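Asker: So that we are looking at the same thing, I have put the structure below in structure tokens.
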Amino acid sequence: MKIKTKLNIGVGLLFIMIIVLSVVSAWYINQLKRDTNNILAANYNTLEYSRNMLLALEEINSDPLAFGVFEKYLDKQRKNVTEPGEREATEEVVTHFSALKKDIQNVSLKSSVRKDIAELMRLNMTAIQHKSSIADETAKNAITAISIVGTLCFLMAFTLMVNLPSNIADPIRILTSSIRQIANQNYKERVHFKSNSEFGELARSFNTMAEKLHEYSESKLEKILKGKKRIETLIDNMQDPVIGIDENKKVLFVNDEALNITGLKKENFVGKLIQDVAVTNDLVRSIIKDIIHPETTAENEPMKIYADGKESYFEKDVIDINIIPTGEENSQFIGQVIMLHNITPFKELDLAKTNFIGTVSHEFKTPISSIKMGLQLLENDKIGDLNDDQKNLVNGIKDDANRLLKITGELLNIAQLESGSIKLNIKPSEVSKIIEYAVDANRAAAEQKQIRFLINIAPEIQNVLADSEKTAWVLNNLLSNAVRYSYEDSDINIDVKKLDDKIMFSVTDTGQGIEPQYVSKVFDRYFRIPGTKKEGTGLGLSISKEFIESQGGNIFVKSEYGAGSTFSFLLKDN
């Protein structure tokens with residue numbers, strides 16, 4: 001329980017008991033006052049009237065005014081009747097006094113009046129004794145009640161006096177002793193209060209402070225300097241450029257490789273805000289672009305940087321540094337490390353692979369063309385007739401040669417795309433001619449499976465802004481795939497429509513479709529759906545994607561497994 005709550009409860013209860021004691025005392029005092037007032041106001045007055053009437057009765061024979069005095073106090077007594085039997089005794093006085101007025105010398109009447117007055121006095125004296133006993137009882141009750149309430153107040157005050165100072169003073173004493181221990185560099189000292197009060201929170205804060213001081217004391221300056229030198233040496237000897245910044249974008253460290261590629265000196269880099277350095281250095285500006293403006297989309301393309309006397313390629317990696325301070329639970333961001341990985345050797349290997357593919361593919365075309373020419377001569381009747389087995393063999397060789405030629409063409413396209421040597425001739429092109437070329441190229445294969453092409457071109461569409469040769473190649477590849485994967489005696493829909501400022505080409509088949517887990521991978525190079533027995537290199541859709549995106553468009557697929565697929569691509573409207 002909080003100390004403030006304890007104080008509020010204790011003092012509050014004591015305050016309430018004091019109020020109760022005051023109310024009880026006031027009530028009993030009021031009762032005593034009422035009882036004494038009854039005695040004074042009624043019985044005492046009757047005794048006074050009776051005494052005065054007796055004095056007047058003694059002077060009746062000698063003072064003529066005595067009758068008036070007697071009558072005066074007798075009238076007052078008649079108005080002050082308060083006790084049982086007092087009215088009858090008063091009337092007896094009135095009766096005997098009236099008779100005495102007529103016979104003033106009658107001694108027996110005087111005696112009767114005296115007896116009547118004595119009776120009045122006796123009645124009131126008895127009443128006084130009774131009311132006095134009531135007042136005594138009230139006083140006793142008052143003493144008892146006030147004593148009980150007073151005792152409770154004393155017990156509560158005594159409890160507060162005994163417990164409260166110790167509850168406050170003991171933790172302060174322990175904490176003071178612990179602070180002295182900390183002051184004497186005993187950082188292992190800890191305070192343990194098993195309380196949820198303010199002192200418990202103070203103890204936890206004190207222990208956190210002591211733990212941090214202990215951690216600091218254990219980390220000797222020499223160790224810190226050695227660790228700093230070790231890290232700096234490690235960073236400086238890294239082959240990749242490394243730049244470290246704090247949470248305020250101030251440069252903390254930079255290694256020699258980073259200085260080499262930026263052309264800056266260390267004193268012009270370290271300790272400066274990196275955005276200030278970027279103002280005078282284009283490379284630094286390019287490196288920190290997505291750090292200063294995180295809302296911009298980061299590019300996946302490697303950075304081209306002139307280093308080591310040649311054009312080199314680097315991949316950037318930004319690592320956020322978060323730590324959990326001692327004694328705390330939440331992590332804290334303290335800076336970032338920018339690393340540039342030199343991938344030039346891999347890029348050179350990739351270029352060598354591309355050149356090799358391009359060279360080999362180009363060299364393959366000549367012998368494949370010779371094979372096809374030889375096959376045409378064999379099929380010519382003028383050369384000679386072939387038997388059925390020979391014809392089947394020639395047809396098989398012809399199919400393999402065509403497949404090799406197609407693979408060679410795709411490899412050449414890939415080589416051109418990777419080397420960046422592909423040339424685009426983007427201009428207004430007739431949509432109908434692009435579709436006609438693709439349909440004619442696949443008509444023979446479609447007729448063998450009794451597949452029909454259903455062409456639907458929106459009336460307002462005539463031209464599209466595109467490279468007609470590359471676009472026709474893409475559409476041809478999509479139709480070829482659709483024919484290959486469609487069932488016999490089915491339809492393939494070719495739709496061309498306008499979508500905002502784009503022209504969308506769509507090829508829809510009713511084949512098996514693509515399983516959902518493979519839809520996002522169909523445009524990857526060399527990817528083929530597992531388990532398929534259809535022919536293909538896995539390059540056609542990848543090349544199609546490159547051709548369309550190089551023209552500023554995009555290509556995508558929608559497929560329902562078991563119902564077919566729709567391949568679509570968007571190009572700019574003319």
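Residue numbering restarts at 1 in every chain; chains get A, B, ... in the order shown in the structure tokens, and ligands count up from 1 in that same order.
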Just asking: which residues within range 131-341 of chain A are alpha helix (DSSP H) according to DSSP, as an MDAnalysis selection string?

Answerer: chainID A and resid 131:183 198:218 221:236 256:262 274:279 282:287 289:292

Asker: I'd like to know which of A:Asp75, A:Glu198, A:Glu86, A:Glu436 is closest to Arg122 in chain A, using only C-alpha atoms.

Answerer: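 Residue with the minimum atom-to-atom distance to Arg122 in chain A: A:Glu86.
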
Asker: Determine, counting only C-alpha atoms, which protein, DNA and RNA residues have an atom within 12 Å of an atom of Phe314 in chain A; residues of the same chain fewer than 2 positions away are not included. Present the result as a ChimeraX atom specification.

Answerer: /A:239-242,258,261,283,287,300-307,311-312,316-317,338-347

Asker: Can I get the selection written as a PDB file, in the first residue's frame, with N, CA and C atoms?

Answerer:
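As written to disk, again_39.pdb reads:
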ATOM      1  N   GLN A 239      37.182  -4.863 -46.447  1.00  0.00           N
ATOM      2  CA  GLN A 239      37.334  -4.585 -47.871  1.00  0.00           C
ATOM      3  C   GLN A 239      36.155  -3.802 -48.437  1.00  0.00           C
ATOM      4  N   ASP A 240      35.055  -3.764 -47.688  1.00  0.00           N
ATOM      5  CA  ASP A 240      33.869  -3.043 -48.136  1.00  0.00           C
ATOM      6  C   ASP A 240      33.799  -1.683 -47.449  1.00  0.00           C
ATOM      7  N   PRO A 241      33.317  -0.648 -48.142  1.00  0.00           N
ATOM      8  CA  PRO A 241      33.139   0.666 -47.522  1.00  0.00           C
ATOM      9  C   PRO A 241      32.101   0.591 -46.401  1.00  0.00           C
ATOM     10  N   VAL A 242      32.417   1.220 -45.257  1.00  0.00           N
ATOM     11  CA  VAL A 242      31.528   1.218 -44.094  1.00  0.00           C
ATOM     12  C   VAL A 242      31.439   2.641 -43.547  1.00  0.00           C
ATOM     13  N   ALA A 258      35.633   3.574 -47.658  1.00  0.00           N
ATOM     14  CA  ALA A 258      34.599   4.585 -47.890  1.00  0.00           C
ATOM     15  C   ALA A 258      35.225   5.924 -48.267  1.00  0.00           C
ATOM     16  N   ILE A 261      36.375   5.688 -52.038  1.00  0.00           N
ATOM     17  CA  ILE A 261      35.386   5.803 -53.128  1.00  0.00           C
ATOM     18  C   ILE A 261      34.700   7.165 -53.138  1.00  0.00           C
ATOM     19  N   LEU A 283      28.112  11.174 -54.597  1.00  0.00           N
ATOM     20  CA  LEU A 283      28.055   9.764 -54.221  1.00  0.00           C
ATOM     21  C   LEU A 283      27.409   9.589 -52.848  1.00  0.00           C
ATOM     22  N   ILE A 287      24.011   7.628 -51.766  1.00  0.00           N
ATOM     23  CA  ILE A 287      24.025   6.550 -50.764  1.00  0.00           C
ATOM     24  C   ILE A 287      22.956   6.775 -49.704  1.00  0.00           C
ATOM     25  N   ASN A 300      16.555  -1.725 -56.281  1.00  0.00           N
ATOM     26  CA  ASN A 300      17.267  -2.986 -56.075  1.00  0.00           C
ATOM     27  C   ASN A 300      18.514  -3.097 -56.949  1.00  0.00           C
ATOM     28  N   GLU A 301      18.665  -2.167 -57.891  1.00  0.00           N
ATOM     29  CA  GLU A 301      19.795  -2.225 -58.799  1.00  0.00           C
ATOM     30  C   GLU A 301      21.093  -1.881 -58.068  1.00  0.00           C
ATOM     31  N   PRO A 302      22.185  -2.582 -58.375  1.00  0.00           N
ATOM     32  CA  PRO A 302      23.482  -2.246 -57.754  1.00  0.00           C
ATOM     33  C   PRO A 302      23.921  -0.834 -58.140  1.00  0.00           C
ATOM     34  N   MET A 303      24.711  -0.213 -57.267  1.00  0.00           N
ATOM     35  CA  MET A 303      25.232   1.123 -57.522  1.00  0.00           C
ATOM     36  C   MET A 303      26.521   1.021 -58.337  1.00  0.00           C
ATOM     37  N   LYS A 304      26.630   1.846 -59.368  1.00  0.00           N
ATOM     38  CA  LYS A 304      27.848   1.908 -60.160  1.00  0.00           C
ATOM     39  C   LYS A 304      28.738   3.005 -59.600  1.00  0.00           C
ATOM     40  N   ILE A 305      29.938   2.631 -59.156  1.00  0.00           N
ATOM     41  CA  ILE A 305      30.880   3.572 -58.545  1.00  0.00           C
ATOM     42  C   ILE A 305      32.257   3.343 -59.156  1.00  0.00           C
ATOM     43  N   TYR A 306      32.919   4.421 -59.507  1.00  0.00           N
ATOM     44  CA  TYR A 306      34.276   4.312 -60.065  1.00  0.00           C
ATOM     45  C   TYR A 306      35.236   4.099 -58.902  1.00  0.00           C
ATOM     46  N   ALA A 307      35.806   2.904 -58.828  1.00  0.00           N
ATOM     47  CA  ALA A 307      36.736   2.564 -57.741  1.00  0.00           C
ATOM     48  C   ALA A 307      37.798   1.617 -58.266  1.00  0.00           C
ATOM     49  N   GLU A 311      35.139   0.966 -63.344  1.00  0.00           N
ATOM     50  CA  GLU A 311      33.741   1.059 -62.919  1.00  0.00           C
ATOM     51  C   GLU A 311      33.380  -0.194 -62.130  1.00  0.00           C
ATOM     52  N   SER A 312      32.982   0.001 -60.884  1.00  0.00           N
ATOM     53  CA  SER A 312      32.688  -1.124 -59.994  1.00  0.00           C
ATOM     54  C   SER A 312      31.217  -1.098 -59.591  1.00  0.00           C
ATOM     55  N   LYS A 316      24.151  -1.874 -51.549  1.00  0.00           N
ATOM     56  CA  LYS A 316      24.079  -1.145 -50.275  1.00  0.00           C
ATOM     57  C   LYS A 316      23.240  -1.908 -49.264  1.00  0.00           C
ATOM     58  N   ASP A 317      23.712  -1.917 -48.015  1.00  0.00           N
ATOM     59  CA  ASP A 317      22.991  -2.558 -46.922  1.00  0.00           C
ATOM     60  C   ASP A 317      23.004  -1.598 -45.739  1.00  0.00           C
ATOM     61  N   ILE A 338      26.064   1.881 -42.586  1.00  0.00           N
ATOM     62  CA  ILE A 338      25.871   1.749 -44.033  1.00  0.00           C
ATOM     63  C   ILE A 338      27.047   0.950 -44.582  1.00  0.00           C
ATOM     64  N   MET A 339      26.746  -0.190 -45.202  1.00  0.00           N
ATOM     65  CA  MET A 339      27.795  -1.043 -45.771  1.00  0.00           C
ATOM     66  C   MET A 339      27.561  -1.167 -47.269  1.00  0.00           C
ATOM     67  N   LEU A 340      28.638  -1.005 -48.041  1.00  0.00           N
ATOM     68  CA  LEU A 340      28.590  -1.163 -49.485  1.00  0.00           C
ATOM     69  C   LEU A 340      29.383  -2.413 -49.852  1.00  0.00           C
ATOM     70  N   HIS A 341      28.694  -3.453 -50.298  1.00  0.00           N
ATOM     71  CA  HIS A 341      29.362  -4.706 -50.652  1.00  0.00           C
ATOM     72  C   HIS A 341      29.805  -4.652 -52.114  1.00  0.00           C
ATOM     73  N   ASN A 342      31.080  -4.859 -52.326  1.00  0.00           N
ATOM     74  CA  ASN A 342      31.632  -4.832 -53.681  1.00  0.00           C
ATOM     75  C   ASN A 342      31.300  -6.150 -54.393  1.00  0.00           C
ATOM     76  N   ILE A 343      30.406  -6.042 -55.379  1.00  0.00           N
ATOM     77  CA  ILE A 343      29.996  -7.251 -56.119  1.00  0.00           C
ATOM     78  C   ILE A 343      30.552  -7.229 -57.539  1.00  0.00           C
ATOM     79  N   THR A 344      31.598  -6.421 -57.763  1.00  0.00           N
ATOM     80  CA  THR A 344      32.171  -6.324 -59.108  1.00  0.00           C
ATOM     81  C   THR A 344      32.635  -7.679 -59.652  1.00  0.00           C
ATOM     82  N   PRO A 345      33.334  -8.516 -58.863  1.00  0.00           N
ATOM     83  CA  PRO A 345      33.749  -9.828 -59.406  1.00  0.00           C
ATOM     84  C   PRO A 345      32.551 -10.676 -59.847  1.00  0.00           C
ATOM     85  N   PHE A 346      31.471 -10.639 -59.072  1.00  0.00           N
ATOM     86  CA  PHE A 346      30.280 -11.410 -59.447  1.00  0.00           C
ATOM     87  C   PHE A 346      29.639 -10.834 -60.705  1.00  0.00           C
ATOM     88  N   LYS A 347      29.665  -9.481 -60.779  1.00  0.00           N
ATOM     89  CA  LYS A 347      29.097  -8.833 -61.963  1.00  0.00           C
ATOM     90  C   LYS A 347      29.919  -9.193 -63.203  1.00  0.00           C
TER      91      LYS A 347
END

Asker: Show me, as a PyMOL selection string, the residues that have an atom within 12 Å of Tyr485 in chain A when counting only C-alpha atoms, minus same-chain residues fewer than 4 positions from it.

Answerer: chain A and resi 445-446+449+451+478-481+490-492+508-514+532-536+562-565

Asker: Between A:Asn493, A:Ser506, A:Ser25, A:Asn45, which residue has the minimum interatomic distance to Arg452 in chain A, considering only C-alpha atoms?

Answerer: A:Asn493

Asker: Which neighbours of Val81 in chain A fall inside 9 Å, counting only C-alpha atoms, when residues of the same chain fewer than 6 positions from it are skipped, and could you give them as a PyMOL selection string?

Answerer: chain A and resi 42-43+46+87+90

Asker: For range 185-187 of chain A, please output as a PDB file with N, CA and C atoms, in the first residue's frame all residues within 7 Å (counting only C-alpha atoms; exclusion window: fewer than 5 positions along the same chain).

Answerer:
ATOM      1  N   ALA A 210      22.398   1.689  -9.284  1.00  0.00           N
ATOM      2  CA  ALA A 210      23.575   0.987  -8.766  1.00  0.00           C
ATOM      3  C   ALA A 210      24.113  -0.009  -9.785  1.00  0.00           C
ATOM      4  N   LEU A 213      25.957   1.919 -12.413  1.00  0.00           N
ATOM      5  CA  LEU A 213      27.247   2.371 -11.870  1.00  0.00           C
ATOM      6  C   LEU A 213      28.229   1.215 -11.757  1.00  0.00           C
ATOM      7  N   HIS A 214      27.705   0.048 -11.356  1.00  0.00           N
ATOM      8  CA  HIS A 214      28.562  -1.126 -11.255  1.00  0.00           C
ATOM      9  C   HIS A 214      29.094  -1.524 -12.630  1.00  0.00           C
TER      10      HIS A 214
END

Asker: Could you give me, as a tab-separated table (two decimals) with all heavy atoms, in the first residue's frame, the residues within 8 Å of range 104-118 of chain A, counting only C-alpha atoms and dropping anything in the same chain fewer than 5 positions from it?

Answerer:
chain	number	residue	atom	x	y	z
A	50	SER	N	-42.73	28.48	48.14
A	50	SER	CA	-43.22	27.93	49.43
A	50	SER	C	-42.57	28.66	50.60
A	50	SER	O	-43.22	28.98	51.61
A	50	SER	CB	-42.91	26.43	49.50
A	50	SER	OG	-43.60	25.74	48.48
A	53	MET	N	-44.15	32.02	50.96
A	53	MET	CA	-45.50	31.92	51.50
A	53	MET	C	-45.46	31.66	53.01
A	53	MET	O	-46.26	32.22	53.79
A	53	MET	CB	-46.29	30.81	50.80
A	53	MET	CG	-46.78	31.22	49.41
A	53	MET	SD	-47.91	30.02	48.67
A	53	MET	CE	-46.84	28.66	48.38
A	54	LEU	N	-44.52	30.84	53.50
A	54	LEU	CA	-44.39	30.60	54.95
A	54	LEU	C	-44.00	31.87	55.67
A	54	LEU	O	-44.53	32.17	56.78
A	54	LEU	CB	-43.33	29.50	55.17
A	54	LEU	CG	-43.75	28.08	54.84
A	54	LEU	CD1	-42.56	27.12	54.97
A	54	LEU	CD2	-44.89	27.61	55.75
A	57	LEU	N	-47.02	34.03	55.86
A	57	LEU	CA	-48.02	33.48	56.79
A	57	LEU	C	-47.68	33.87	58.23
A	57	LEU	O	-48.59	34.14	59.04
A	57	LEU	CB	-48.04	31.95	56.64
A	57	LEU	CG	-49.07	31.21	57.49
A	57	LEU	CD1	-50.50	31.63	57.10
A	57	LEU	CD2	-48.91	29.69	57.34
A	60	ILE	N	-48.89	37.55	59.00
A	60	ILE	CA	-50.29	37.92	58.72
A	60	ILE	C	-50.89	38.72	59.87
A	60	ILE	O	-51.61	39.72	59.64
A	60	ILE	CB	-51.10	36.65	58.43
A	60	ILE	CG1	-50.78	36.16	57.01
A	60	ILE	CG2	-52.62	36.91	58.54
A	60	ILE	CD1	-51.48	34.86	56.65
A	61	ASN	N	-50.60	38.32	61.09
A	61	ASN	CA	-51.22	39.00	62.25
A	61	ASN	C	-50.63	40.38	62.48
A	61	ASN	O	-51.28	41.26	63.06
A	61	ASN	CB	-51.03	38.15	63.52
A	61	ASN	CG	-51.84	36.85	63.44
A	61	ASN	OD1	-52.91	36.82	62.84
A	61	ASN	ND2	-51.32	35.76	64.05
A	89	ALA	N	-52.03	19.37	46.23
A	89	ALA	CA	-51.47	20.03	47.42
A	89	ALA	C	-51.63	21.55	47.29
A	89	ALA	O	-51.92	22.25	48.29
A	89	ALA	CB	-50.00	19.66	47.57
A	90	THR	N	-51.43	22.07	46.07
A	90	THR	CA	-51.59	23.52	45.87
A	90	THR	C	-53.03	23.93	46.12
A	90	THR	O	-53.30	25.00	46.73
A	90	THR	CB	-51.15	23.89	44.44
A	90	THR	OG1	-49.78	23.48	44.24
A	90	THR	CG2	-51.25	25.38	44.22
A	92	GLU	N	-55.12	22.49	48.07
A	92	GLU	CA	-55.33	22.46	49.51
A	92	GLU	C	-54.86	23.75	50.15
A	92	GLU	O	-55.53	24.32	51.06
A	92	GLU	CB	-54.58	21.27	50.13
A	92	GLU	CG	-55.20	19.91	49.82
A	92	GLU	CD	-56.55	19.73	50.50
A	92	GLU	OE1	-56.74	20.29	51.61
A	92	GLU	OE2	-57.40	19.05	49.90
A	93	VAL	N	-53.73	24.26	49.69
A	93	VAL	CA	-53.23	25.54	50.22
A	93	VAL	C	-54.23	26.65	49.91
A	93	VAL	O	-54.52	27.51	50.76
A	93	VAL	CB	-51.85	25.85	49.63
A	93	VAL	CG1	-51.41	27.26	50.05
A	93	VAL	CG2	-50.82	24.83	50.05
A	96	HIS	N	-57.40	26.21	52.25
A	96	HIS	CA	-57.17	26.58	53.64
A	96	HIS	C	-56.82	28.07	53.78
A	96	HIS	O	-57.18	28.71	54.77
A	96	HIS	CB	-56.05	25.70	54.22
A	96	HIS	CG	-56.47	24.27	54.42
A	96	HIS	ND1	-55.65	23.19	54.10
A	96	HIS	CD2	-57.63	23.70	54.89
A	96	HIS	CE1	-56.26	22.07	54.36
A	96	HIS	NE2	-57.50	22.36	54.84
A	97	PHE	N	-56.12	28.65	52.78
A	97	PHE	CA	-55.78	30.08	52.86
A	97	PHE	C	-57.03	30.94	52.71
A	97	PHE	O	-57.17	31.98	53.38
A	97	PHE	CB	-54.76	30.42	51.79
A	97	PHE	CG	-54.36	31.87	51.82
A	97	PHE	CD1	-53.57	32.37	52.88
A	97	PHE	CD2	-54.79	32.76	50.85
A	97	PHE	CE1	-53.21	33.70	52.90
A	97	PHE	CE2	-54.44	34.08	50.89
A	97	PHE	CZ	-53.63	34.57	51.91
A	99	ALA	N	-60.00	30.09	53.70
A	99	ALA	CA	-60.71	30.01	54.98
A	99	ALA	C	-60.00	30.85	56.04
A	99	ALA	O	-60.64	31.50	56.89
A	99	ALA	CB	-60.78	28.55	55.44
